[in-house]
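Heads up, upload-v3.txt below (compact mmCIF, C-alpha atoms):
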```
# COMPACT_ATOMS: atom_id res chain seq x y z
CA MET Z 1 97.40 93.53 130.27
CA GLY Z 2 99.05 90.12 130.56
CA ASP Z 3 100.49 88.01 127.76
CA GLY Z 4 97.15 86.19 127.50
CA ALA Z 5 95.55 89.27 125.94
CA LEU Z 6 98.23 89.62 123.23
CA SER Z 7 97.99 87.89 119.86
CA VAL Z 8 100.67 85.44 118.70
CA TRP Z 9 102.02 88.09 116.34
CA GLU Z 10 102.23 90.70 119.11
CA ARG Z 11 104.02 88.27 121.45
CA SER Z 12 106.55 87.28 118.78
CA SER Z 13 107.14 90.81 117.50
CA THR Z 14 110.35 92.60 118.46
CA VAL Z 15 108.39 95.85 118.77
CA ARG Z 16 105.33 95.77 120.99
CA VAL Z 17 102.14 97.22 119.57
CA VAL Z 18 101.23 99.92 122.09
CA PRO Z 19 97.78 101.48 121.85
CA SER Z 20 97.44 105.25 122.10
CA ALA Z 21 96.90 106.62 125.58
CA ARG Z 22 93.83 108.45 124.27
CA PRO Z 23 92.35 108.92 120.80
CA ARG Z 24 93.55 112.02 119.02
CA LYS Z 25 92.66 114.01 115.93
CA LEU Z 26 95.26 113.86 113.18
CA ALA Z 27 94.44 117.09 111.36
CA LYS Z 28 96.78 119.36 113.36
CA VAL Z 29 99.59 116.91 114.20
CA PRO Z 30 99.40 113.94 111.84
CA PHE Z 31 102.72 112.43 112.94
CA ALA Z 32 104.44 112.42 116.33
CA GLU Z 33 107.19 110.09 117.54
CA LEU Z 34 109.64 109.64 120.36
CA ALA Z 35 112.81 108.67 118.50
CA ASP Z 36 116.50 109.48 118.13
CA GLY Z 37 116.59 111.28 121.48
CA ARG Z 38 113.86 113.72 120.46
CA LEU Z 39 110.15 114.26 120.45
CA GLN Z 40 109.64 114.98 116.77
CA GLY Z 41 106.81 115.18 114.31
CA VAL Z 42 104.92 116.92 111.56
CA VAL Z 43 102.55 119.78 112.40
CA SER Z 44 100.09 121.36 109.97
CA SER Z 45 100.34 125.08 109.32
CA GLY Z 46 97.59 127.20 110.75
CA SER Z 47 97.64 129.62 107.84
CA ASP Z 48 98.43 127.57 104.70
CA ILE Z 49 96.77 124.23 104.03
CA GLY Z 50 99.65 123.18 101.75
CA ARG Z 51 102.38 123.76 104.34
CA VAL Z 52 103.56 121.58 107.20
CA TYR Z 53 106.27 122.07 109.78
CA VAL Z 54 108.74 119.50 111.05
CA SER Z 55 109.24 120.23 114.74
CA SER Z 56 111.39 118.60 117.40
CA VAL Z 57 112.39 118.91 121.05
CA GLU Z 58 115.63 117.26 122.19
CA ALA Z 59 115.45 115.12 125.31
CA GLY Z 60 117.23 116.55 128.34
CA THR Z 61 118.33 119.89 126.84
CA TYR Z 62 114.94 120.74 125.26
CA ALA Z 63 116.74 122.27 122.27
CA ILE Z 64 114.07 123.05 119.70
CA ALA Z 65 114.00 122.93 115.94
CA CYS Z 66 111.11 123.90 113.71
CA SER Z 67 111.12 124.38 109.95
CA THR Z 68 108.84 123.84 106.99
CA ASN Z 69 108.94 120.63 105.01
CA ASN Z 70 111.24 122.41 102.51
CA ASN Z 71 113.68 123.57 105.24
CA ARG Z 72 112.55 127.17 105.66
CA PRO Z 73 112.79 128.25 109.33
CA CYS Z 74 109.66 128.72 111.37
CA GLY Z 75 108.86 132.38 111.92
CA GLY Z 76 107.58 131.77 115.45
CA ALA Z 77 110.58 129.82 116.76
CA ARG Z 78 113.02 132.70 117.15
CA GLY Z 79 114.81 131.61 120.30
CA SER Z 80 111.68 130.28 121.96
CA PHE Z 81 109.00 127.63 121.60
CA CYS Z 82 106.56 128.20 118.76
CA ASN Z 83 102.93 127.07 118.54
CA HIS Z 84 104.01 124.07 116.45
CA ILE Z 85 106.13 122.76 119.33
CA ARG Z 86 103.27 123.33 121.77
CA ALA Z 87 100.88 121.37 119.52
CA LEU Z 88 103.46 118.58 119.11
CA VAL Z 89 103.89 118.21 122.89
CA ASP Z 90 100.12 118.19 123.45
CA GLU Z 91 99.55 115.50 120.82
CA ALA Z 92 102.48 113.39 122.03
CA VAL Z 93 100.92 113.38 125.50
CA LEU Z 94 97.64 112.21 123.97
CA GLN Z 95 99.37 109.52 121.91
CA TYR Z 96 101.95 108.19 124.40
CA GLY Z 97 100.68 109.37 127.77
CA VAL Z 98 102.16 112.04 130.01
CA GLU Z 99 104.36 109.62 131.99
CA ARG Z 100 106.10 108.24 128.93
CA VAL Z 101 106.65 111.68 127.35
CA THR Z 102 108.06 113.19 130.56
CA ARG Z 103 110.32 110.19 131.11
CA TYR Z 104 111.59 110.32 127.52
CA LEU Z 105 112.19 114.08 127.50
CA LYS Z 106 113.53 114.06 131.08
CA ALA Z 107 111.05 116.79 131.98
CA GLU Z 108 109.69 117.48 135.44
CA PRO Z 109 106.20 118.94 135.11
CA THR Z 110 104.74 120.83 138.03
CA GLY Z 111 101.33 120.36 139.56
CA GLU Z 112 99.40 117.42 140.90
CA ASP Z 113 97.88 116.41 137.57
CA PRO Z 114 100.58 116.59 134.84
CA SER Z 115 99.36 117.36 131.33
CA GLY Z 116 100.75 118.49 127.98
CA TYR Z 117 100.52 122.06 129.25
CA SER Z 118 102.60 121.34 132.36
CA VAL Z 119 105.20 119.41 130.33
CA PHE Z 120 105.44 122.32 127.90
CA ASN Z 121 105.81 124.85 130.74
CA ALA Z 122 108.55 122.78 132.42
CA MET Z 123 110.57 122.85 129.19
CA TYR Z 124 109.72 126.46 128.34
CA SER Z 125 111.00 127.74 131.68
CA THR Z 126 114.53 126.46 130.91
CA ARG Z 127 114.85 128.85 127.91
CA PRO Z 128 116.35 126.17 125.63
CA ALA Z 129 118.73 126.85 122.76
CA GLN Z 130 117.93 126.52 119.09
CA GLY Z 131 118.49 122.90 118.04
CA ASP Z 132 119.83 121.30 114.91
CA SER Z 133 117.18 121.00 112.19
CA SER Z 134 119.20 118.59 110.04
CA ALA Z 135 116.96 115.65 111.04
CA ALA Z 136 113.87 117.34 109.58
CA ALA Z 137 114.28 115.61 106.22
CA GLN Z 138 114.42 112.17 107.86
CA VAL Z 139 111.37 112.87 110.01
CA PHE Z 140 109.38 114.13 107.03
CA SER Z 141 110.46 111.12 104.98
CA ARG Z 142 109.20 108.75 107.71
CA PHE Z 143 105.92 110.67 107.78
CA LEU Z 144 105.51 110.24 104.01
CA ARG Z 145 106.27 106.54 104.34
CA HIS Z 146 103.51 106.22 106.96
CA LEU Z 147 101.09 107.98 104.62
CA ALA Z 148 101.81 105.35 101.96
CA TYR Z 149 100.27 102.70 104.25
CA LEU Z 150 96.90 104.43 103.89
CA GLU Z 151 96.80 103.18 100.30
CA TYR Z 152 96.88 99.50 101.39
CA ALA Z 153 93.69 97.51 101.74
CA PRO Z 154 92.91 96.64 105.38
CA ALA Z 155 94.48 93.33 106.39
CA THR Z 156 95.32 91.50 109.58
CA ALA Z 157 98.58 90.00 108.33
CA PRO Z 158 101.75 91.78 109.53
CA LEU Z 159 103.66 93.93 107.06
CA PRO Z 160 107.38 93.07 107.02
CA GLU Z 161 108.43 96.68 106.46
CA MET Z 162 106.58 97.74 109.61
CA GLN Z 163 108.93 95.68 111.82
CA TRP Z 164 111.29 98.47 112.77
CA PHE Z 165 114.53 98.08 114.61
CA PRO Z 166 114.75 100.12 117.80
CA THR Z 167 116.49 103.47 117.46
CA THR Z 168 120.14 103.57 118.44
CA ARG Z 169 119.89 106.59 120.73
CA ALA Z 170 116.66 105.81 122.56
CA VAL Z 171 116.22 107.50 125.93
CA ALA Z 172 113.21 105.68 127.38
```
Take the structure in this file and express it as structure tokens.
Amino acid sequence: MGDGALSVWERSSTVRVVPSARPRKLAKVPFAELADGRLQGVVSSGSDIGRVYVSSVEAGTYAIACSTNNNRPCGGARGSFCNHIRALVDEAVLQYGVERVTRYLKAEPTGEDPSGYSVFNAMYSTRPAQGDSSAAAQVFSRFLRHLAYLEYAPATAPLPEMQWFPTTRAVA
């Protein structure tokens, strides 16, 4: 896609508008981002409709953190990857594409056709340590801020508060 296909706003924006690699359903993982040196996001609970988990995987070390939105630890993440992390990786691959996710996380998936499953297996085989879950509140806060945009009427004009500055510890 050359510059001719971009709108004036997209060309003048400091943050490029990047379409999703493939469409994804938002019911299981409504929020996924590559930021602050981590793949992080919000994952819905499989057993309680009122509970969500804030999960993250650190780039390079693959240290994991998973807790509920009120900072209770995930029962499935006892020294290993839980299903929330697996769902987060799968949805990140759908949203950003496998190349971008592997480059950001510094993962080396095996096989001829890399997928979310192969990225997950590459990280899982390293037996990563438990990560710091102190960023969970910030991630959940950003998720809630994104939900607030659903209340706006559709418009084509740019929203000033959506012009984010790049993260300070970006990997990719």
Tell me, counting only C-alpha atoms, for each residue of region 110-162 of chain Z within 8 Å of region 38-48 of chain Z, which pair of atoms is nearest and how far apart they are in Å to one decimal, in rows ordered by chain and increasing number, as a tab-separated table.
```
residue	atom	partner	partner_atom	distance
Z:Val139	CA	Z:Gly41	CA	6.7
Z:Phe140	CA	Z:Val42	CA	6.9
Z:Phe143	CA	Z:Val42	CA	7.4
```
Worksheet entry | Surrounding residues of Thr68 (chain Z) excluding itself and chain neighbours under 3 positions, 9 Å, only C-alpha atoms, as a ChimeraX atom specification | /Z:45,51-55,71-74,136
Rounded to one decimal, what separation in Å do you get between CA of Thr126 (chain Z) and CA of Asp36 (chain Z)?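 According to the coordinates, CA of Thr126 (chain Z) and CA of Asp36 (chain Z) are separated by 21.3 Å.
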| Suppose you want the space between CA of Pro30 (chain Z) and CA of Glu112 (chain Z); what is it in Å? |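 We find that CA of Pro30 (chain Z) and CA of Glu112 (chain Z) lie 29.3 Å from each other.
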Select, counting all atoms listed in the file, all protein, DNA and RNA residues no farther than 9 Å from (109.9, 128.2, 114.4) in file coordinates, and express the selection as a list of chain:residue names.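 Returned residue set, sorted by chain then number, is Z:Tyr53, Z:Ser55, Z:Ile64, Z:Ala65, Z:Cys66, Z:Ser67, Z:Thr68, Z:Pro73, Z:Cys74, Z:Gly75, Z:Gly76, Z:Ala77, Z:Arg78, Z:Gly79, Z:Ser80, Z:Phe81, Z:Cys82, Z:Asn83, Z:His84, Z:Ile85.
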Please produce an output containing C-alpha atoms for each residue in the selection, written as a PDB file, in the frame of the given file.
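File selection29.pdb, as written:
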```
ATOM      1  CA  TYR Z  53     106.270 122.070 109.780  1.00  0.00           C
ATOM      2  CA  SER Z  55     109.240 120.230 114.740  1.00  0.00           C
ATOM      3  CA  ILE Z  64     114.070 123.050 119.700  1.00  0.00           C
ATOM      4  CA  ALA Z  65     114.000 122.930 115.940  1.00  0.00           C
ATOM      5  CA  CYS Z  66     111.110 123.900 113.710  1.00  0.00           C
ATOM      6  CA  SER Z  67     111.120 124.380 109.950  1.00  0.00           C
ATOM      7  CA  THR Z  68     108.840 123.840 106.990  1.00  0.00           C
ATOM      8  CA  PRO Z  73     112.790 128.250 109.330  1.00  0.00           C
ATOM      9  CA  CYS Z  74     109.660 128.720 111.370  1.00  0.00           C
ATOM     10  CA  GLY Z  75     108.860 132.380 111.920  1.00  0.00           C
ATOM     11  CA  GLY Z  76     107.580 131.770 115.450  1.00  0.00           C
ATOM     12  CA  ALA Z  77     110.580 129.820 116.760  1.00  0.00           C
ATOM     13  CA  ARG Z  78     113.020 132.700 117.150  1.00  0.00           C
ATOM     14  CA  GLY Z  79     114.810 131.610 120.300  1.00  0.00           C
ATOM     15  CA  SER Z  80     111.680 130.280 121.960  1.00  0.00           C
ATOM     16  CA  PHE Z  81     109.000 127.630 121.600  1.00  0.00           C
ATOM     17  CA  CYS Z  82     106.560 128.200 118.760  1.00  0.00           C
ATOM     18  CA  ASN Z  83     102.930 127.070 118.540  1.00  0.00           C
ATOM     19  CA  HIS Z  84     104.010 124.070 116.450  1.00  0.00           C
ATOM     20  CA  ILE Z  85     106.130 122.760 119.330  1.00  0.00           C
TER      21      ILE Z  85
END
```
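Between Lys106 (chain Z) and the residues Z:Leu144, Z:Ala59, Z:Leu150, Z:Leu94, the shortest atom-to-atom distance, using only C-alpha atoms, involves Z:Ala59.
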With distances taken over only C-alpha atoms, the candidate from Z:Tyr96, Z:Tyr124, Z:Phe31, Z:Glu91 nearest Pro109 (chain Z) is Z:Tyr124
Exercise. How far is it from CA of Ser115 (chain Z) to CA of Gly131 (chain Z), in Å with one decimal?
Worked result: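 About the pair CA of Ser115 (chain Z) and CA of Gly131 (chain Z): they are 23.9 Å apart.
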Residue with the minimum atom-to-atom distance to Met123 (chain Z), picked from Z:Pro154, Z:Gly50, Z:Gly111, Z:Gly60 with all atoms listed in the file counted, is Z:Gly60
One residue among Z:Ala63, Z:Leu147, Z:Ala122, Z:Val93 is nearest to Ala107 (chain Z) when using only C-alpha atoms, and that residue is Z:Ala122
Expected file for region 87-136 of chain Z keeping N, CA and C atoms, as a compact mmCIF listing (two decimals), in the first residue's frame:
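Written out: out-v4.txt:
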```txt
# COMPACT_ATOMS: atom_id res chain seq x y z
N ALA Z 87 -4.98 -17.91 24.67
CA ALA Z 87 -5.99 -17.16 23.92
C ALA Z 87 -5.46 -15.79 23.51
N LEU Z 88 -4.69 -15.14 24.39
CA LEU Z 88 -4.12 -13.83 24.09
C LEU Z 88 -3.15 -13.91 22.92
N VAL Z 89 -2.29 -14.92 22.91
CA VAL Z 89 -1.32 -15.10 21.81
C VAL Z 89 -2.07 -15.36 20.50
N ASP Z 90 -3.07 -16.23 20.53
CA ASP Z 90 -3.83 -16.54 19.32
C ASP Z 90 -4.50 -15.29 18.75
N GLU Z 91 -5.12 -14.50 19.61
CA GLU Z 91 -5.81 -13.30 19.13
C GLU Z 91 -4.84 -12.21 18.68
N ALA Z 92 -3.67 -12.12 19.32
CA ALA Z 92 -2.67 -11.15 18.89
C ALA Z 92 -2.17 -11.49 17.49
N VAL Z 93 -2.02 -12.78 17.20
CA VAL Z 93 -1.60 -13.21 15.87
C VAL Z 93 -2.68 -12.85 14.85
N LEU Z 94 -3.94 -13.00 15.22
CA LEU Z 94 -5.02 -12.59 14.30
C LEU Z 94 -5.02 -11.08 14.08
N GLN Z 95 -4.80 -10.33 15.15
CA GLN Z 95 -4.87 -8.87 15.06
C GLN Z 95 -3.65 -8.26 14.37
N TYR Z 96 -2.45 -8.70 14.75
CA TYR Z 96 -1.23 -8.07 14.26
C TYR Z 96 -0.49 -8.86 13.19
N GLY Z 97 -0.80 -10.13 13.05
CA GLY Z 97 -0.08 -10.99 12.12
C GLY Z 97 1.05 -11.71 12.84
N VAL Z 98 1.35 -12.91 12.39
CA VAL Z 98 2.33 -13.75 13.07
C VAL Z 98 3.73 -13.15 13.00
N GLU Z 99 4.08 -12.50 11.89
CA GLU Z 99 5.43 -11.93 11.76
C GLU Z 99 5.67 -10.83 12.78
N ARG Z 100 4.70 -9.95 12.92
CA ARG Z 100 4.86 -8.84 13.86
C ARG Z 100 4.91 -9.32 15.31
N VAL Z 101 4.07 -10.28 15.66
CA VAL Z 101 4.05 -10.81 17.03
C VAL Z 101 5.36 -11.52 17.35
N THR Z 102 5.85 -12.35 16.44
CA THR Z 102 7.10 -13.07 16.70
C THR Z 102 8.28 -12.10 16.78
N ARG Z 103 8.28 -11.09 15.94
CA ARG Z 103 9.36 -10.09 15.99
C ARG Z 103 9.32 -9.32 17.31
N TYR Z 104 8.14 -8.94 17.74
CA TYR Z 104 8.00 -8.17 18.97
C TYR Z 104 8.40 -8.99 20.20
N LEU Z 105 7.93 -10.24 20.25
CA LEU Z 105 8.22 -11.10 21.40
C LEU Z 105 9.58 -11.76 21.33
N LYS Z 106 10.26 -11.63 20.18
CA LYS Z 106 11.55 -12.28 19.95
C LYS Z 106 11.42 -13.80 20.07
N ALA Z 107 10.36 -14.31 19.48
CA ALA Z 107 10.09 -15.74 19.50
C ALA Z 107 10.50 -16.35 18.18
N GLU Z 108 10.86 -17.60 18.21
CA GLU Z 108 11.24 -18.32 17.00
C GLU Z 108 10.36 -19.55 16.85
N PRO Z 109 9.19 -19.37 16.19
CA PRO Z 109 8.29 -20.51 16.03
C PRO Z 109 8.87 -21.55 15.08
N THR Z 110 8.49 -22.78 15.31
CA THR Z 110 8.96 -23.87 14.46
C THR Z 110 7.91 -24.17 13.40
N GLY Z 111 8.31 -24.88 12.39
CA GLY Z 111 7.38 -25.27 11.33
C GLY Z 111 7.46 -24.34 10.14
N GLU Z 112 6.93 -24.82 9.03
CA GLU Z 112 6.96 -24.04 7.80
C GLU Z 112 5.92 -22.94 7.78
N ASP Z 113 4.79 -23.16 8.43
CA ASP Z 113 3.71 -22.18 8.43
C ASP Z 113 3.46 -21.72 9.86
N PRO Z 114 4.16 -20.66 10.34
CA PRO Z 114 3.98 -20.23 11.72
C PRO Z 114 2.55 -19.76 11.99
N SER Z 115 2.09 -20.04 13.20
CA SER Z 115 0.74 -19.67 13.61
C SER Z 115 0.79 -19.31 15.09
N GLY Z 116 -0.36 -18.93 15.64
CA GLY Z 116 -0.44 -18.64 17.07
C GLY Z 116 -0.01 -19.84 17.90
N TYR Z 117 -0.37 -21.03 17.43
CA TYR Z 117 -0.01 -22.26 18.13
C TYR Z 117 1.51 -22.46 18.16
N SER Z 118 2.18 -22.22 17.04
CA SER Z 118 3.63 -22.40 17.01
C SER Z 118 4.36 -21.33 17.81
N VAL Z 119 3.83 -20.11 17.83
CA VAL Z 119 4.41 -19.05 18.66
C VAL Z 119 4.28 -19.42 20.13
N PHE Z 120 3.09 -19.88 20.51
CA PHE Z 120 2.85 -20.29 21.89
C PHE Z 120 3.78 -21.43 22.29
N ASN Z 121 3.93 -22.44 21.44
CA ASN Z 121 4.81 -23.57 21.75
C ASN Z 121 6.27 -23.16 21.88
N ALA Z 122 6.72 -22.21 21.04
CA ALA Z 122 8.10 -21.73 21.13
C ALA Z 122 8.35 -21.08 22.49
N MET Z 123 7.39 -20.33 22.99
CA MET Z 123 7.54 -19.67 24.29
C MET Z 123 7.38 -20.67 25.43
N TYR Z 124 6.42 -21.59 25.28
CA TYR Z 124 6.13 -22.57 26.32
C TYR Z 124 7.33 -23.48 26.59
N SER Z 125 8.06 -23.82 25.55
CA SER Z 125 9.19 -24.74 25.70
C SER Z 125 10.34 -24.14 26.51
N THR Z 126 10.38 -22.83 26.70
CA THR Z 126 11.45 -22.19 27.47
C THR Z 126 11.19 -22.24 28.97
N ARG Z 127 10.00 -22.67 29.39
CA ARG Z 127 9.61 -22.72 30.80
C ARG Z 127 9.87 -21.36 31.49
N PRO Z 128 9.17 -20.32 31.05
CA PRO Z 128 9.44 -18.97 31.57
C PRO Z 128 9.04 -18.80 33.04
N ALA Z 129 9.63 -17.79 33.65
CA ALA Z 129 9.35 -17.48 35.05
C ALA Z 129 8.04 -16.69 35.17
N GLN Z 130 7.57 -16.61 36.38
CA GLN Z 130 6.39 -15.79 36.67
C GLN Z 130 6.80 -14.32 36.56
N GLY Z 131 6.03 -13.53 35.83
CA GLY Z 131 6.35 -12.12 35.63
C GLY Z 131 5.70 -11.23 36.67
N ASP Z 132 5.97 -9.96 36.53
CA ASP Z 132 5.44 -8.95 37.42
C ASP Z 132 4.04 -8.56 36.95
N SER Z 133 3.06 -8.65 37.81
CA SER Z 133 1.68 -8.31 37.43
C SER Z 133 1.30 -6.89 37.83
N SER Z 134 2.29 -6.05 38.13
CA SER Z 134 1.98 -4.69 38.55
C SER Z 134 1.40 -3.83 37.43
N ALA Z 135 1.62 -4.19 36.18
CA ALA Z 135 1.10 -3.41 35.06
C ALA Z 135 -0.36 -3.74 34.74
N ALA Z 136 -0.93 -4.72 35.42
CA ALA Z 136 -2.30 -5.15 35.13
C ALA Z 136 -3.29 -4.00 35.28
```
